[in-house]
Amino acid sequence: MFNKITSFIKMTRIQFVLPGILPFTLGSLAGLRLQNVFNINLYLLCLTGIILIMIMGFTTNEYVDYEADKRNKTSTQFSGGSKVLIENKLSRKTALISGIIFGLIFLVFIVSLYFIYFYKSYPLLIIFGIIGFIVGIAYGDPPFKLSYKGLGEILTGFGCGYLALASGYYISAGRIDIIPFLLSIPPALTVFCLAFINAYPDIESDRISGKKTLPVKYGIKNMNIVFIFSIIISNLFLIINPIFIPGMSKLIYIYILPFLIISILEITHLLSKKKLSIQFFERISIFTLLLMVLASLTQIISFVI
């Protein structure tokens with residue numbers, strides 16, 4: 001029983017919900033600084049909803065990507081799914097049913113509580129919820145399967161970047177404006193990069209399985225160029241955001257130093273590495289994960305201090 005529980009937790013890939021949690025929290029704090037309003041109950045309700053949608057997507061993708069994951073001989077701890085299905089620790093049926101249940105929990109409980117307690121004060125929040133739920137389904141599930149059409153990474157950047165951040169901003173500021181877009185550029189681009197960087201080791205199995213990720217369509221060299229431009233733009237917006245966005249501390253210029261340093265290290269690593277290996281793929285995934293965390297965390301700190 002214990003092994004089944006641990007395998008189930010592993011299948012949910014709960015450790016990968018940070019790309020949704022951090023931008024949402026950043027948006028909430030930005031709105032708080034502008035309006036001095038923070039509804040902790042609504043924040044927790046929305047946060048739970050985001051986690052449920054993400055886990056719904058993770059578990060149903062385990063079911064959809066089964067054949068691709070089964071063919072994958074070069075996966076890392078960041079790619080190729082959780083591997084619990086291909087190791088026969090859980091059945092494909094369990095993954096599918098689990099994803100459906102997580103989706104139903106969101107629709108039945110989270111949406112109901114929202115309409116009962118918060119709809120009158122935050123009517124536009126339902127739009128964010130609908131879009132988020134559609135993104136969670138359309139990413140990998142039939143009939144959309146956008147991750148098989150070269151749109152999965154873009155959808156990930158949008159959902160975990162702008163959409164999550166704008167949702168958090170709306171529940172605190174009570175409006176929609178340009179600020180969430182400006183703040184979301186670094187988180188969105190780094191999550192986008194993390195999505196396609198993590199797909200590097202899966203290129204061959206994805207190609208055979210018909211999963212046209214961006215690395216499959218354009219190759220690693222071209223995607224490395226996309227990565228470099230994305231990180232440069234992320235650094236640029238981390239620098240200019242405190243100039244245009246009220247409430248951001250100028251001390252952020254101290255806190256973005258780790259982001260700048262890791263950016264330089266990873267770009268150098270990408271440009272200098274000629275021989276690809278599992279160790280190389282894992283290293284750049286870790287670097288990109290750190291960039292993703294720092295893209296939101298540095299801006300969160302700037303609103304807190």
# chains A, B, ... in the order shown; residues from 1 in each chain; ligands from 1
$ residues_around --residues "stretch 236-250 of chain A" --least-positions-apart "3" --cutoff "7 Å" --atoms "only C-alpha atoms" --output "count of residues only"
13
$ residues_around --residues "stretch 195-211 of chain A" --least-positions-apart "5" --cutoff "9 Å" --atoms "only C-alpha atoms" --output "ChimeraX atom specification"
/A:65,67-76,78-80,147-150,152-154,156-157,190,216-217,219-220,223-224,227,277-278,281-282,284-285,288
$ write_last_selection --atoms "N, CA and C atoms" --output "tab-separated table (two decimals), in the first residue's frame"
chain	number	residue	atom	x	y	z
A	65	ASP	N	0.91	10.13	-22.88
A	65	ASP	CA	2.30	10.00	-23.32
A	65	ASP	C	2.90	8.62	-23.07
A	67	GLU	N	3.06	5.70	-24.59
A	67	GLU	CA	3.86	5.06	-25.64
A	67	GLU	C	5.18	5.80	-25.86
A	68	ALA	N	5.13	7.12	-25.86
A	68	ALA	CA	6.36	7.90	-26.03
A	68	ALA	C	7.32	7.67	-24.87
A	69	ASP	N	6.78	7.65	-23.64
A	69	ASP	CA	7.62	7.43	-22.47
A	69	ASP	C	8.21	6.02	-22.47
A	70	LYS	N	7.44	5.07	-22.98
A	70	LYS	CA	7.89	3.68	-23.02
A	70	LYS	C	9.08	3.53	-23.98
A	71	ARG	N	9.09	4.29	-25.06
A	71	ARG	CA	10.18	4.23	-26.04
A	71	ARG	C	11.41	5.01	-25.59
A	72	ASN	N	11.23	5.87	-24.61
A	72	ASN	CA	12.30	6.80	-24.21
A	72	ASN	C	13.40	6.09	-23.42
A	73	LYS	N	14.58	6.08	-23.99
A	73	LYS	CA	15.73	5.44	-23.33
A	73	LYS	C	16.73	6.47	-22.81
A	74	THR	N	16.44	7.74	-23.00
A	74	THR	CA	17.39	8.78	-22.60
A	74	THR	C	16.75	9.80	-21.67
A	75	SER	N	15.70	9.43	-20.98
A	75	SER	CA	14.99	10.37	-20.11
A	75	SER	C	15.83	10.71	-18.88
A	76	THR	N	15.52	11.85	-18.29
A	76	THR	CA	16.19	12.29	-17.06
A	76	THR	C	15.14	12.42	-15.96
A	78	PHE	N	13.90	15.02	-15.06
A	78	PHE	CA	13.03	16.14	-15.43
A	78	PHE	C	12.21	15.84	-16.68
A	79	SER	N	12.50	14.76	-17.37
A	79	SER	CA	11.83	14.48	-18.64
A	79	SER	C	11.29	13.05	-18.65
A	80	GLY	N	10.45	12.76	-19.67
A	80	GLY	CA	9.95	11.40	-19.83
A	80	GLY	C	8.88	10.98	-18.85
A	147	SER	N	0.41	19.73	-27.23
A	147	SER	CA	1.82	19.41	-27.00
A	147	SER	C	2.38	18.52	-28.10
A	148	TYR	N	1.48	17.90	-28.88
A	148	TYR	CA	1.90	17.07	-30.02
A	148	TYR	C	1.95	17.89	-31.31
A	149	LYS	N	1.65	19.18	-31.22
A	149	LYS	CA	1.58	20.03	-32.41
A	149	LYS	C	2.52	21.23	-32.32
A	150	GLY	N	3.49	21.17	-31.41
A	150	GLY	CA	4.45	22.25	-31.29
A	150	GLY	C	3.97	23.45	-30.51
A	152	GLY	N	2.77	23.08	-27.12
A	152	GLY	CA	2.76	22.77	-25.69
A	152	GLY	C	3.63	23.70	-24.88
A	153	GLU	N	4.82	24.00	-25.36
A	153	GLU	CA	5.74	24.86	-24.61
A	153	GLU	C	5.21	26.29	-24.52
A	154	ILE	N	4.62	26.76	-25.62
A	154	ILE	CA	4.04	28.10	-25.63
A	154	ILE	C	2.86	28.18	-24.67
A	156	THR	N	2.42	26.35	-22.04
A	156	THR	CA	2.95	26.30	-20.68
A	156	THR	C	3.43	27.67	-20.23
A	157	GLY	N	4.16	28.38	-21.10
A	157	GLY	CA	4.62	29.72	-20.77
A	157	GLY	C	3.48	30.67	-20.50
A	190	THR	N	10.90	32.08	-18.84
A	190	THR	CA	11.72	31.04	-18.21
A	190	THR	C	10.96	29.72	-18.10
A	216	VAL	N	11.82	18.89	-31.37
A	216	VAL	CA	11.64	17.94	-32.47
A	216	VAL	C	11.51	18.70	-33.78
A	217	LYS	N	10.74	19.78	-33.79
A	217	LYS	CA	10.47	20.52	-35.01
A	217	LYS	C	11.68	21.34	-35.49
A	219	GLY	N	15.02	21.45	-33.72
A	219	GLY	CA	16.35	21.00	-33.35
A	219	GLY	C	16.91	21.74	-32.14
A	220	ILE	N	17.89	21.12	-31.48
A	220	ILE	CA	18.45	21.68	-30.26
A	220	ILE	C	19.21	22.98	-30.53
A	223	MET	N	16.81	25.85	-30.93
A	223	MET	CA	16.13	26.13	-29.67
A	223	MET	C	17.07	26.76	-28.66
A	224	ASN	N	18.37	26.45	-28.75
A	224	ASN	CA	19.35	27.12	-27.89
A	224	ASN	C	19.38	28.62	-28.19
A	227	PHE	N	16.41	30.05	-26.59
A	227	PHE	CA	16.67	30.12	-25.15
A	227	PHE	C	17.48	31.37	-24.80
A	277	SER	N	24.88	14.70	-23.44
A	277	SER	CA	24.82	13.54	-22.55
A	277	SER	C	23.68	13.74	-21.56
A	278	ILE	N	23.32	12.68	-20.86
A	278	ILE	CA	22.28	12.77	-19.83
A	278	ILE	C	22.67	13.79	-18.78
A	281	PHE	N	22.06	17.28	-20.09
A	281	PHE	CA	20.64	17.61	-20.11
A	281	PHE	C	20.13	17.92	-18.70
A	282	GLU	N	20.55	17.12	-17.72
A	282	GLU	CA	20.10	17.35	-16.34
A	282	GLU	C	20.65	18.66	-15.80
A	284	ILE	N	21.48	21.46	-17.49
A	284	ILE	CA	20.80	22.64	-18.03
A	284	ILE	C	19.36	22.72	-17.54
A	285	SER	N	18.74	21.56	-17.24
A	285	SER	CA	17.39	21.58	-16.67
A	285	SER	C	17.41	22.21	-15.28
A	288	THR	N	17.95	25.96	-15.61
A	288	THR	CA	16.73	26.63	-16.09
A	288	THR	C	15.66	26.65	-15.01
$ select_by_dssp --residues "stretch 224-263 of chain A" --states "helix (DSSP H, G or I)" --output "VMD selection string"
chain A and resid 224 to 244 252 to 255 257 to 263
$ residues_around --residues "A:Leu18" --least-positions-apart "2" --cutoff "10 Å" --atoms "only C-alpha atoms" --output "PyMOL selection string"
chain A and resi 14-16+20-24+51+160+289+292-293
$ atom_distance --atom1 "atom CA of A:Phe58" --atom2 "atom CA of A:Phe229"
28.2 Å
$ residues_around --residues "A:Ile176" --least-positions-apart "6" --cutoff "8 Å" --atoms "only C-alpha atoms" --output "MDAnalysis selection string"
chainID A and resid 166 169:170
$ write_last_selection --atoms "C-alpha atoms" --output "short mmCIF file (atom, residue, chain, number, x, y, z; two decimals), in the first residue's frame"
data_model
loop_
_atom_site.label_atom_id
_atom_site.label_comp_id
_atom_site.auth_asym_id
_atom_site.auth_seq_id
_atom_site.Cartn_x
_atom_site.Cartn_y
_atom_site.Cartn_z
CA ALA A 166 -2.85 38.07 -13.98
CA TYR A 169 -3.20 40.42 -9.63
CA TYR A 170 -6.93 40.58 -10.29
#
$ closest_residue --among "A:Lys145, A:Met11, A:Phe115, A:Tyr43" --to "A:Ala95" --atoms "only C-alpha atoms"
A:Met11
$ closest_residue --among "A:Thr12, A:Asn61, A:Thr6, A:Thr25" --to "A:Leu165" --atoms "only C-alpha atoms"
A:Thr25
